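Enquirer: Sharing work08.tsv, TSV, C-alpha atoms:
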```tsv
chain	number	residue	atom	x	y	z
A	33	MET	CA	-45.45	-28.17	20.24
A	34	PRO	CA	-49.10	-28.88	19.27
A	35	GLU	CA	-48.03	-28.53	15.63
A	36	VAL	CA	-45.52	-31.38	15.75
A	37	MET	CA	-47.01	-33.56	18.51
A	38	PRO	CA	-50.76	-32.86	18.44
A	39	PRO	CA	-53.27	-34.93	20.43
A	40	PRO	CA	-54.49	-37.51	17.89
A	41	THR	CA	-58.05	-37.26	16.60
A	42	GLU	CA	-60.14	-40.26	15.66
A	43	ASP	CA	-59.16	-39.78	12.00
A	44	ARG	CA	-55.50	-39.59	12.96
A	45	TRP	CA	-55.75	-42.83	14.95
A	46	GLU	CA	-57.31	-44.49	11.91
A	47	GLN	CA	-54.42	-43.31	9.71
A	48	ILE	CA	-51.81	-44.55	12.20
A	49	ALA	CA	-53.50	-47.96	12.28
A	50	GLN	CA	-53.57	-48.09	8.49
A	51	ASP	CA	-49.85	-47.26	8.35
A	52	PHE	CA	-49.00	-50.08	10.75
A	53	TRP	CA	-50.98	-52.55	8.65
A	54	MET	CA	-49.41	-51.38	5.38
A	55	LEU	CA	-45.82	-51.20	6.67
A	56	TRP	CA	-45.66	-53.80	9.44
A	57	ASN	CA	-48.59	-56.16	8.72
A	58	PHE	CA	-50.26	-55.54	12.06
A	59	PRO	CA	-53.91	-54.38	11.92
A	60	ASN	CA	-55.69	-52.02	14.32
A	61	CYS	CA	-52.38	-50.90	15.86
A	62	LEU	CA	-52.31	-47.39	17.31
A	63	GLY	CA	-48.64	-47.30	18.20
A	64	ALA	CA	-45.64	-49.01	19.76
A	65	ILE	CA	-44.66	-48.15	23.33
A	66	ASP	CA	-41.44	-48.55	25.30
A	67	GLY	CA	-39.25	-46.80	27.84
A	68	LYS	CA	-35.69	-45.51	27.41
A	69	HIS	CA	-33.34	-44.91	30.34
A	70	VAL	CA	-31.49	-41.64	29.88
A	71	THR	CA	-28.33	-41.57	31.98
A	72	ILE	CA	-27.91	-38.55	34.27
A	73	GLN	CA	-25.48	-37.43	36.94
A	74	ALA	CA	-26.57	-38.82	40.30
A	75	PRO	CA	-28.78	-36.12	41.88
A	76	PRO	CA	-27.79	-35.08	45.42
A	77	ASN	CA	-29.79	-36.57	48.29
A	78	SER	CA	-31.88	-38.69	45.92
A	79	GLY	CA	-31.09	-42.04	47.48
A	80	SER	CA	-31.79	-44.93	45.11
A	81	ASN	CA	-34.75	-43.32	43.31
A	82	TYR	CA	-32.82	-42.77	40.08
A	83	TYR	CA	-30.70	-45.93	40.35
A	84	ASN	CA	-31.80	-48.48	37.73
A	85	TYR	CA	-31.26	-52.15	36.95
A	86	LYS	CA	-28.39	-51.21	34.62
A	87	LYS	CA	-26.53	-49.89	37.69
A	88	THR	CA	-26.63	-46.30	36.46
A	89	PHE	CA	-28.64	-43.24	37.46
A	90	SER	CA	-31.33	-42.33	34.98
A	91	ILE	CA	-34.67	-40.79	34.21
A	92	VAL	CA	-37.09	-42.57	31.90
A	93	LEU	CA	-38.44	-41.42	28.56
A	94	LEU	CA	-41.66	-43.37	27.96
A	95	ALA	CA	-42.80	-42.97	24.36
A	96	LEU	CA	-45.63	-44.01	22.08
A	97	VAL	CA	-44.62	-43.82	18.41
A	98	ASP	CA	-46.33	-44.25	15.04
A	99	ALA	CA	-45.32	-46.44	12.10
A	100	HIS	CA	-43.05	-43.71	10.68
A	101	ASN	CA	-40.90	-43.27	13.83
A	102	ASN	CA	-42.69	-40.12	15.01
A	103	PHE	CA	-43.56	-39.53	18.66
A	104	ILE	CA	-47.30	-39.55	19.35
A	105	ALA	CA	-47.00	-39.01	23.11
A	106	VAL	CA	-44.15	-38.97	25.63
A	107	ASP	CA	-43.80	-39.06	29.39
A	108	VAL	CA	-40.48	-37.76	30.72
A	109	GLY	CA	-38.93	-37.67	34.16
A	110	SER	CA	-39.92	-40.84	35.99
A	111	TYR	CA	-37.39	-42.36	38.39
A	112	GLY	CA	-34.96	-44.83	36.86
A	113	LYS	CA	-35.93	-47.44	39.46
A	114	ASN	CA	-39.51	-47.63	38.16
A	115	SER	CA	-40.69	-50.23	35.67
A	116	ASP	CA	-42.12	-49.28	32.28
A	117	GLY	CA	-45.48	-50.76	33.21
A	118	GLY	CA	-45.63	-48.79	36.45
A	119	ILE	CA	-44.65	-45.58	34.70
A	120	LEU	CA	-47.40	-46.07	32.11
A	121	ALA	CA	-50.01	-46.75	34.78
A	122	HIS	CA	-49.23	-43.46	36.56
A	123	SER	CA	-48.77	-41.34	33.44
A	124	ASN	CA	-51.42	-39.17	31.81
A	125	LEU	CA	-51.25	-41.44	28.78
A	126	GLY	CA	-51.90	-44.56	30.84
A	127	LYS	CA	-54.78	-42.97	32.71
A	128	ALA	CA	-56.32	-41.72	29.46
A	129	LEU	CA	-56.05	-45.20	27.92
A	130	GLU	CA	-57.63	-46.75	31.00
A	131	ASN	CA	-60.48	-44.22	30.97
A	132	ASN	CA	-60.94	-44.45	27.19
A	133	SER	CA	-60.65	-40.68	26.79
A	134	LEU	CA	-58.29	-40.50	23.79
A	135	LYS	CA	-60.95	-40.54	21.05
A	136	ILE	CA	-59.87	-44.01	20.00
A	137	PRO	CA	-62.19	-45.46	17.34
A	138	GLU	CA	-64.55	-48.33	18.08
A	139	SER	CA	-63.51	-51.89	17.32
A	140	LYS	CA	-62.87	-52.49	13.63
A	141	THR	CA	-63.15	-55.56	11.44
A	142	LEU	CA	-59.84	-57.34	10.92
A	143	PRO	CA	-58.72	-57.36	7.26
A	144	GLY	CA	-60.18	-60.19	5.21
A	145	THR	CA	-62.50	-61.36	8.00
A	146	ASN	CA	-65.86	-60.58	9.52
A	147	ASN	CA	-64.39	-60.39	13.01
A	148	LYS	CA	-64.09	-57.15	14.94
A	149	ALA	CA	-61.12	-56.44	17.20
A	150	PRO	CA	-60.33	-53.44	19.42
A	151	PHE	CA	-57.59	-51.00	18.48
A	152	VAL	CA	-54.43	-51.70	20.48
A	153	ILE	CA	-50.92	-50.51	21.20
A	154	VAL	CA	-48.03	-52.97	21.34
A	155	GLY	CA	-45.32	-53.33	23.95
A	156	ASP	CA	-42.81	-55.78	25.38
A	157	GLU	CA	-42.93	-58.01	28.47
A	158	ALA	CA	-42.46	-55.01	30.79
A	159	PHE	CA	-46.05	-53.93	30.20
A	160	PRO	CA	-49.23	-55.54	31.51
A	161	LEU	CA	-51.65	-57.25	29.16
A	162	LYS	CA	-54.71	-55.07	28.59
A	163	THR	CA	-57.59	-54.99	26.15
A	164	TYR	CA	-55.87	-51.94	24.61
A	165	LEU	CA	-52.24	-53.12	25.09
A	166	LEU	CA	-50.81	-56.33	23.65
A	167	ARG	CA	-47.63	-57.98	24.88
A	168	PRO	CA	-45.90	-61.23	23.80
A	169	TYR	CA	-46.64	-64.65	25.20
A	170	PRO	CA	-43.96	-65.45	27.80
A	171	GLY	CA	-41.43	-68.12	26.89
A	172	LYS	CA	-42.91	-70.73	29.18
A	173	GLN	CA	-46.23	-70.45	27.33
A	174	LEU	CA	-44.78	-71.01	23.84
A	175	ASP	CA	-46.22	-74.50	23.72
A	176	CYS	CA	-47.54	-74.21	20.17
A	177	PHE	CA	-46.44	-72.78	16.83
A	178	ASP	CA	-49.44	-70.41	16.72
A	179	LYS	CA	-48.10	-68.48	19.71
A	180	LYS	CA	-44.64	-68.20	18.12
A	181	ILE	CA	-46.28	-66.74	15.02
A	182	TYR	CA	-48.14	-64.22	17.19
A	183	ASN	CA	-44.94	-63.21	19.03
A	184	TYR	CA	-43.12	-62.72	15.75
A	185	ARG	CA	-45.89	-60.60	14.28
A	186	LEU	CA	-46.06	-58.52	17.47
A	187	CYS	CA	-42.30	-58.01	17.37
A	188	ARG	CA	-42.46	-56.35	13.95
A	189	PRO	CA	-44.39	-53.20	14.96
A	190	ARG	CA	-42.86	-53.19	18.45
A	191	ARG	CA	-39.37	-52.71	17.00
A	192	VAL	CA	-40.47	-49.36	15.57
A	193	VAL	CA	-40.19	-47.69	18.98
A	194	GLU	CA	-36.71	-49.14	19.50
A	195	ASN	CA	-35.71	-47.85	16.07
A	196	THR	CA	-37.09	-44.43	16.99
A	197	PHE	CA	-34.93	-44.30	20.11
A	198	GLY	CA	-31.94	-45.23	17.96
A	199	ILE	CA	-32.68	-42.43	15.49
A	200	LEU	CA	-33.13	-39.99	18.38
A	201	SER	CA	-29.79	-41.00	19.92
A	202	GLN	CA	-27.93	-40.62	16.63
A	203	LYS	CA	-29.50	-37.25	15.94
A	204	PHE	CA	-28.90	-35.84	19.43
A	205	ARG	CA	-25.62	-37.19	20.75
A	206	LEU	CA	-26.33	-36.10	24.31
A	207	TYR	CA	-28.05	-39.48	24.70
A	208	ASN	CA	-24.69	-41.18	24.27
A	209	ARG	CA	-23.26	-39.69	27.44
A	210	ARG	CA	-24.28	-38.81	30.97
A	211	ILE	CA	-26.34	-35.63	31.17
A	212	GLN	CA	-24.69	-33.29	33.67
A	213	SER	CA	-27.82	-31.52	34.83
A	214	LYS	CA	-30.50	-31.54	37.49
A	215	PRO	CA	-33.36	-33.96	36.74
A	216	GLU	CA	-35.88	-31.15	36.11
A	217	ASN	CA	-33.53	-29.54	33.58
A	218	ALA	CA	-32.80	-32.90	31.94
A	219	ASP	CA	-36.56	-33.45	31.60
A	220	PHE	CA	-36.88	-30.27	29.58
A	221	ILE	CA	-33.90	-31.16	27.38
A	222	ILE	CA	-35.30	-34.62	26.62
A	223	LEU	CA	-38.76	-33.27	25.83
A	224	ALA	CA	-37.21	-30.64	23.54
A	225	THR	CA	-35.30	-33.28	21.58
A	226	CYS	CA	-38.50	-35.30	21.08
A	227	VAL	CA	-40.29	-32.24	19.73
A	228	LEU	CA	-37.34	-31.40	17.47
A	229	HIS	CA	-37.24	-35.01	16.27
A	230	ASN	CA	-40.85	-34.74	15.09
A	231	PHE	CA	-40.24	-31.29	13.61
A	232	ILE	CA	-37.30	-32.54	11.54
A	233	ARG	CA	-39.26	-35.56	10.31
A	234	ARG	CA	-42.52	-33.69	9.73
A	235	ASP	CA	-41.95	-33.18	6.01
A	236	CYS	CA	-40.22	-36.49	5.49
A	237	ARG	CA	-42.22	-39.19	3.80
A	238	ALA	CA	-41.04	-42.61	4.90
A	239	THR	CA	-41.35	-45.32	2.31
A	240	SER	CA	-41.90	-48.95	3.05
A	241	PHE	CA	-39.23	-51.49	2.22
A	242	LEU	CA	-41.99	-54.09	2.14
A	243	GLN	CA	-44.24	-54.82	-0.81
A	244	HIS	CA	-47.68	-54.97	0.72
A	245	ASN	CA	-50.19	-57.32	-0.79
A	246	ASP	CA	-53.81	-56.82	0.16
A	247	PRO	CA	-55.04	-59.90	2.00
A	248	PRO	CA	-57.59	-61.98	0.16
A	249	THR	CA	-61.20	-61.17	0.86
A	250	ILE	CA	-62.34	-64.46	2.23
A	251	SER	CA	-64.71	-65.71	4.82
A	252	SER	CA	-62.52	-66.54	7.79
A	253	GLU	CA	-63.28	-69.32	10.23
A	254	LEU	CA	-62.33	-67.09	13.12
A	255	GLN	CA	-65.05	-66.51	15.66
A	256	ASN	CA	-65.86	-63.24	17.35
A	257	ILE	CA	-64.83	-63.37	20.98
A	258	PRO	CA	-67.47	-62.01	23.33
A	259	MET	CA	-66.09	-59.15	25.41
A	260	GLN	CA	-69.07	-58.80	27.71
A	261	GLY	CA	-68.82	-60.03	31.26
A	262	GLY	CA	-65.85	-61.54	33.05
A	263	SER	CA	-62.88	-59.74	34.49
A	264	ALA	CA	-60.80	-57.13	32.71
A	265	ARG	CA	-57.87	-59.55	32.84
A	266	GLN	CA	-59.90	-62.28	31.13
A	267	ALA	CA	-61.02	-59.83	28.43
A	268	ALA	CA	-57.37	-58.93	27.78
A	269	PHE	CA	-56.48	-62.61	27.31
A	270	GLU	CA	-59.37	-62.95	24.88
A	271	VAL	CA	-58.18	-59.99	22.82
A	272	ARG	CA	-54.70	-61.52	22.55
A	273	GLU	CA	-56.21	-64.85	21.52
A	274	LEU	CA	-58.24	-63.08	18.85
A	275	TYR	CA	-55.13	-61.55	17.31
A	276	LYS	CA	-53.24	-64.85	17.61
A	277	ASP	CA	-55.98	-66.65	15.70
A	278	PHE	CA	-56.03	-63.92	13.06
A	279	PHE	CA	-52.28	-64.14	12.41
A	280	ASN	CA	-52.61	-67.90	11.99
A	281	SER	CA	-55.54	-67.67	9.59
A	282	PRO	CA	-55.34	-67.33	5.77
A	283	ALA	CA	-56.48	-63.69	6.03
A	284	GLY	CA	-53.75	-62.74	8.51
A	285	SER	CA	-50.81	-64.68	7.14
A	286	VAL	CA	-48.14	-63.26	4.85
A	287	PRO	CA	-46.08	-65.21	2.28
A	288	TRP	CA	-42.78	-65.05	4.16
A	289	GLN	CA	-44.23	-65.70	7.63
A	290	ASN	CA	-43.45	-69.38	7.99
A	291	ASP	CA	-39.91	-68.85	6.73
A	292	LYS	CA	-39.17	-66.36	9.53
A	293	VAL	CA	-40.42	-68.40	12.50
A	294	SER	CA	-38.81	-71.71	13.21
A	295	LYS	CA	-40.81	-74.53	14.62
```
What do you get writing this file as structure tokens?
Expert:
Amino acid sequence: MPEVMPPPTEDRWEQIAQDFWMLWNFPNCLGAIDGKHVTIQAPPNSGSNYYNYKKTFSIVLLALVDAHNNFIAVDVGSYGKNSDGGILAHSNLGKALENNSLKIPESKTLPGTNNKAPFVIVGDEAFPLKTYLLRPYPGKQLDCFDKKIYNYRLCRPRRVVENTFGILSQKFRLYNRRIQSKPENADFIILATCVLHNFIRRDCRATSFLQHNDPPTISSELQNIPMQGGSARQAAFEVRELYKDFFNSPAGSVPWQNDKVSK
């Protein structure tokens, strides 16, 4: 397992971030995270623990993936009733992110600017906003075009994890039906498929369908946002604002951006 899903080193994190920028036009991104409900037979005497919002019984596969649809880290076996954000908070991955013990590199200058931003992972609305985890602006806050641009740019790398789940389901058809097994046995099966997924893709070299153009080296008008002081929640808002401003600056824009997001 360490051969196909090794704990990332600082150099590996740097390479993952570079891949996300080259393929999905999102800088300093360490991965996309999401949860997948895997349907199982209702365990005996389990009450509503495994009963989810889809009205089925399930266990959750929480996964962090890289830009090439490989699993970086997975957490398997949480109750179907739990939210993705809650599962992350209680997982080893979430605790390691909170304690900054994953050898994540220091903040790095955003391409084409003089402004440093922390490395982040991207997720959907189910996850809390953190200095290391970006989520979209909620619909009621989309009061300006800049925030729509940010949400669109965040959606691009975030879809990678959804695509990865789709590839996994097509490769291992057990995900298309109810698993007739005890939860602890289903956990092992799911983990094994994730490892096999990486093993099969290990020698594959994904190619981008995008033609990447290096952003112009210009002096951006963005301002560094001070991260000292204030609450952790306020710092998280400031990180999101920093990325929003970058995506709406000349250095962070891409030629087709304004055609994809309607005003």
Enquirer: A:Glu216, A:Glu273, A:Asp175, A:Glu194: which is nearest Phe103 of chain A, counting all atoms listed in the file?
Expert: A:Glu194
Enquirer: Skip Val97 of chain A itself and residues of its chain fewer than 5 positions away, then list as number ranges by chain all residues within 7 Å of it, counting only C-alpha atoms.
Expert: A: 63-65, 102-104, 193
Enquirer: Give me a file of those residues, with C-alpha atoms, as a PDB file, in the coordinates of the input.
Expert:
```pdb
ATOM      1  CA  GLY A  63     -48.640 -47.300  18.200  1.00  0.00           C
ATOM      2  CA  ALA A  64     -45.640 -49.010  19.760  1.00  0.00           C
ATOM      3  CA  ILE A  65     -44.660 -48.150  23.330  1.00  0.00           C
ATOM      4  CA  ASN A 102     -42.690 -40.120  15.010  1.00  0.00           C
ATOM      5  CA  PHE A 103     -43.560 -39.530  18.660  1.00  0.00           C
ATOM      6  CA  ILE A 104     -47.300 -39.550  19.350  1.00  0.00           C
ATOM      7  CA  VAL A 193     -40.190 -47.690  18.980  1.00  0.00           C
TER       8      VAL A 193
END
```
Enquirer: For Leu206 of chain A, which residue among A:Ala267, A:Ala218, A:Leu174, A:Cys187 is the nearest when counting only C-alpha atoms?
Expert: A:Ala218
Enquirer: Quick one: which segment 168-242 of chain A residues come within 12 Å of segment 157-163 of chain A, and what is the nearest atom pair for each with the distance in Å to one decimal, counting only C-alpha atoms, rows ordered by chain and ascending number, as a Markdown table?
Expert:
```
| residue | atom | partner | partner_atom | distance |
| --- | --- | --- | --- | --- |
| A:Pro168 | CA | A:Glu157 | CA | 6.4 |
| A:Tyr169 | CA | A:Glu157 | CA | 8.3 |
| A:Pro170 | CA | A:Glu157 | CA | 7.5 |
| A:Gly171 | CA | A:Glu157 | CA | 10.3 |
| A:Asn183 | CA | A:Glu157 | CA | 11.0 |
| A:Leu186 | CA | A:Glu157 | CA | 11.4 |
| A:Cys187 | CA | A:Glu157 | CA | 11.1 |
| A:Arg190 | CA | A:Glu157 | CA | 11.1 |
```
Enquirer: Taking only C-alpha atoms into account, name the residue in A:Leu228, A:Val192, A:Ala149, A:Cys176 that is nearest to Trp56 of chain A.
Expert: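 Closest candidate: A:Val192.
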Enquirer: Kindly provide, as a PyMOL selection string, the polymer residues lying within 8 Å of (-33.3, -39.3, 33.5), counting all atoms listed in the file and using the coordinates exactly as they appear in the file.
Expert: chain A and resi 69-72+82+89-93+108-112+215+218-219
Enquirer: Do you have the atom CA of Pro143 of chain A-atom CA of Phe278 of chain A distance handy?
Expert: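 Spanning atom CA of Pro143 of chain A to atom CA of Phe278 of chain A is a straight-line distance of 9.2 Å.
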Enquirer: May I ask for the distance between atom CA of Glu270 of chain A and atom CA of Lys148 of chain A, given in Å to one decimal place?
Expert: 12.4 Å
Enquirer: Let me make sure I understand: among A:Ile181, A:Ala74, A:Ile232, A:Ile48, which one has the smallest atom-to-atom distance to Asn60 of chain A if we use all atoms listed in the file?
Expert: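 Nearest to Asn60 of chain A: A:Ile48.
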Enquirer: When you look at Asn280 of chain A with a cut-off of 8 Å (counting all atoms listed in the file), what residues show up, excluding the ones that are within fewer than 5 positions of it in the same chain? I need them as a VMD selection string.
Expert: chain A and resid 178 181 to 182 285
Enquirer: Report as a PyMOL selection string all protein, DNA and RNA residues lying within 12 Å of segment 120-124 of chain A, evaluated on only C-alpha atoms, omitting residues in the same chain fewer than 2 positions from it.
Expert: chain A and resi 65-67+92-96+105-110+114-118+126-134+155+158-160+162+165
